[in-house]
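Trainee: Sending over a structure as structure tokens; questions will come in a sec.
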Amino acid sequence: MKITANERNLEEKYLKEVSEEVLKQIKKLEKEINFTSNEIKEFRKLMWEAKGSIDSVEMRTNLMNSELEAKFMLMKMEYYKKLFRCQNSPYFGRIDFKEKDQEGIKKVYIGITNVTKEFEHYVYDWRSPVASLFYDYGIGEAKYEAPEGEIFGEMTLRRQYKIENNVLKRIFDSDLNVVDDCLQEVLSDNSGDKMRNIVNTIQKEQNEIIRNISSKVLVVQGIAGSGKTSVALHRIAFLLYKIKNLKSTNVLIFSPNNIFSEYISDVLPELGEDNAMSTTFQDFAQNYLKEFKKVETFSDFIERFYTGKEKKL
């Protein structure tokens with residue numbers, strides 16, 4: 001659907017407002033992180049120098065307060081990294097949703113991470129409950145799962161953007177599936193030495209896998225090139241967002257080889273998360289199967305399978 005000149009002007013005005021807010025928050029966080037970091041260093045130095053004159057109860061209390069400040073600083077640093085990554089393109093999609101039995105239409109802009117000012121949401125994280133509407137529904141009746149239960153309503157608009165250096169390059173309205181021209185553009189942009197994120201082109205079936213939290217064991221099958229790895233990495237990013245206290249260090253990715261590990265190494269950082277731990281099955285087995293001097297490599301297995309020659313392990 002063609003965008004009118006007036007609509008484009010409104011979108012450019014909104015992008016300018018969001019971009020300025022993101023930059024303002026980045027600068028604010030830089031000051032807070034530097035100040036808190038210096039404060040913690042000075043405090044610990046003081047505690048060390050005065051440890052003989054402070055009683056144990058006061059010492060523990062002060063240390064607990066110091067650790068709490070450090071924890072808050074780490075949270076600010078994590079958010080700072082996310083904002084920094086998306087500062088030139090703060091969002092990629094928008095939906096307008098009319099909640100059942102409620103007045104007004106809610107405009108939901110969707111990006112890599114949330115951008116808020118006081119109680120106003122400029123951008124919603126793509127992993128948030130309401131953002132699932134962007135991937136699961138076209139124009140018409142829709143619903144999403146919120147903490148308070150299912151929210152029913154009607155989606156009246158689904159819009160996609162191409163933003164570079166905070167300049168609006170393209171706007172297009174679409175129904176459920178991504179516009180073909182946009183998909184081709186994304187695919188051409190993604191050609192390179194590293195796998196890129198597909199957050200703005202996730203399809204409904206992929207989204208169901210990414211957001212599945214009911215299955216303890218999930219097996220995804222598909223032909224080569226069907227997007228299994230991309231979906232798995234986006235699922236990791238979603239679970240890190242969804243599950244409290246789950247960290248990237250709690251996740252292990254088995255790769256066929258180290259080259260593949262390097263190939264996928266940019267996806268999670270692009271999504272605002274630290275990279276998960278990664279290893280090959282051979283390296284993992286070599287570390288844990290201590291009763292064997294050597295673990296057969298995949299290439300050795302292929303050679304043995306096709307030649308029938310056994311190699312002593």
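Labels used: A, B, ... for chains in the order of the structure tokens, numbers from 1 for residues in each chain, and numbers from 1 for ligands as shown.
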Could you pull out the residues in region 136-275 of chain A that DSSP calls helix (DSSP H, G or I) from the backbone, as a ChimeraX atom specification?
Mentor: /A:136,180-189,204-210,228-242,248-250,258-263,267-270
Trainee: Keeping C-alpha atoms for every residue in the selection just given, could you write it to a file as a compact mmCIF listing (two decimals), in the first residue's frame?
Mentor:
```txt
# COMPACT_ATOMS: atom_id res chain seq x y z
CA ASP A 136 1.76 -14.03 13.94
CA ASP A 180 8.92 -9.85 -1.45
CA ASP A 181 11.03 -6.81 -2.37
CA CYS A 182 11.91 -6.30 1.29
CA LEU A 183 12.84 -9.98 1.74
CA GLN A 184 15.11 -9.91 -1.31
CA GLU A 185 16.73 -6.73 -0.01
CA VAL A 186 17.35 -8.30 3.40
CA LEU A 187 18.75 -11.46 1.84
CA SER A 188 21.13 -9.47 -0.34
CA ASP A 189 22.26 -7.43 2.68
CA LYS A 204 4.85 -17.14 11.67
CA GLU A 205 6.06 -20.77 11.82
CA GLN A 206 9.54 -19.63 12.85
CA ASN A 207 8.08 -17.36 15.52
CA GLU A 208 6.14 -20.28 17.02
CA ILE A 209 9.41 -22.18 17.47
CA ILE A 210 11.31 -19.16 18.80
CA LYS A 228 17.15 -23.86 11.40
CA THR A 229 20.30 -22.25 12.79
CA SER A 230 18.87 -18.72 12.56
CA VAL A 231 15.73 -19.83 14.38
CA ALA A 232 17.81 -21.56 17.07
CA LEU A 233 19.89 -18.43 17.70
CA HIS A 234 16.81 -16.20 17.84
CA ARG A 235 15.24 -18.70 20.22
CA ILE A 236 18.28 -18.38 22.50
CA ALA A 237 17.87 -14.58 22.44
CA PHE A 238 14.17 -14.94 23.29
CA LEU A 239 14.82 -17.34 26.19
CA LEU A 240 17.48 -14.99 27.59
CA TYR A 241 14.83 -12.25 27.55
CA LYS A 242 12.02 -14.43 28.88
CA SER A 248 24.45 -16.50 27.93
CA THR A 249 27.00 -18.44 29.98
CA ASN A 250 24.24 -20.98 30.80
CA ASN A 258 35.06 -23.93 14.68
CA ILE A 259 34.57 -22.21 11.32
CA PHE A 260 30.79 -22.54 11.74
CA SER A 261 31.05 -21.16 15.28
CA GLU A 262 32.79 -18.10 13.89
CA TYR A 263 30.20 -17.78 11.11
CA VAL A 267 23.93 -13.01 15.52
CA LEU A 268 23.42 -12.89 19.31
CA PRO A 269 25.43 -9.65 19.73
CA GLU A 270 23.33 -8.09 16.93
```
Trainee: Quick check, in Å to one decimal: how far apart do CA of Gln87 (chain A) and CA of Leu133 (chain A) lie?
Mentor: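 Rounded to one decimal, the two atoms are 24.0 Å apart.
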Trainee: Given only C-alpha atoms as the basis, pick out the residue of A:Ile151, A:Ile26, A:Val217, A:Ile112 nearest to Lys76 (chain A).
Mentor: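 Distance minimum relative to Lys76 (chain A) lands on A:Ile26.
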Trainee: Which residue out of A:Lys244, A:Glu30, A:Gly272, A:Val251 has the minimum interatomic distance to Asp125 (chain A) when only C-alpha atoms are used?
Mentor: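 Checking each of A:Lys244, A:Glu30, A:Gly272, A:Val251 against Asp125 (chain A), counting only C-alpha atoms, the winner is A:Gly272.
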Trainee: When DSSP is applied to the backbone of this structure, which of region 44-269 of chain A are assigned strand (DSSP E or B)? Write them out as a PyMOL selection string.
Mentor: chain A and resi 93-99+106-111+115-117+120-125+140-146+149-164+167-173+252-255
Trainee: Could you list, as a count of residues only, every residue within 10 Å of Glu12 (chain A), counting only C-alpha atoms and ignoring same-chain residues fewer than 4 positions away?
Mentor: 9
Trainee: Restricting the calculation to only C-alpha atoms, which member of A:Ser132, A:Asn38, A:Asn275, A:Thr116 is positioned closest to Ile202 (chain A)?
Mentor: A:Ser132
Trainee: Can you tell me how far CA of Lys31 (chain A) sits from CA of Asn88 (chain A), in Å to one decimal?
Mentor: 20.5 Å
Trainee: Taking 2 positions as the minimum chain separation for residues in the same chain, which residues sit within 6 Å of region 100-105 of chain A when counting only C-alpha atoms? Answer as a PDB file with N, CA, C and O atoms, in the first residue's frame.
Mentor:
```
ATOM      1  N   PHE A  97      -2.858  -1.670  17.047  1.00  0.00           N
ATOM      2  CA  PHE A  97      -3.715  -2.694  17.649  1.00  0.00           C
ATOM      3  C   PHE A  97      -4.836  -2.049  18.434  1.00  0.00           C
ATOM      4  O   PHE A  97      -4.607  -1.204  19.307  1.00  0.00           O
ATOM      5  N   LYS A  98      -6.064  -2.445  18.123  1.00  0.00           N
ATOM      6  CA  LYS A  98      -7.257  -1.968  18.832  1.00  0.00           C
ATOM      7  C   LYS A  98      -7.708  -3.073  19.770  1.00  0.00           C
ATOM      8  O   LYS A  98      -8.216  -4.109  19.353  1.00  0.00           O
ATOM      9  N   PHE A 152      -7.305  -9.854  23.437  1.00  0.00           N
ATOM     10  CA  PHE A 152      -7.961  -9.957  22.135  1.00  0.00           C
ATOM     11  C   PHE A 152      -8.177  -8.566  21.546  1.00  0.00           C
ATOM     12  O   PHE A 152      -8.336  -7.581  22.275  1.00  0.00           O
ATOM     13  N   GLY A 153      -8.191  -8.513  20.237  1.00  0.00           N
ATOM     14  CA  GLY A 153      -8.449  -7.239  19.582  1.00  0.00           C
ATOM     15  C   GLY A 153      -8.327  -7.358  18.073  1.00  0.00           C
ATOM     16  O   GLY A 153      -8.460  -8.443  17.502  1.00  0.00           O
TER      17      GLY A 153
END
```
Trainee: What is the distance, in Å and to one decimal place, between CA of Ile243 (chain A) and CA of Ile110 (chain A)?
Mentor: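 Distance reported for this atom pair: 20.3 Å.
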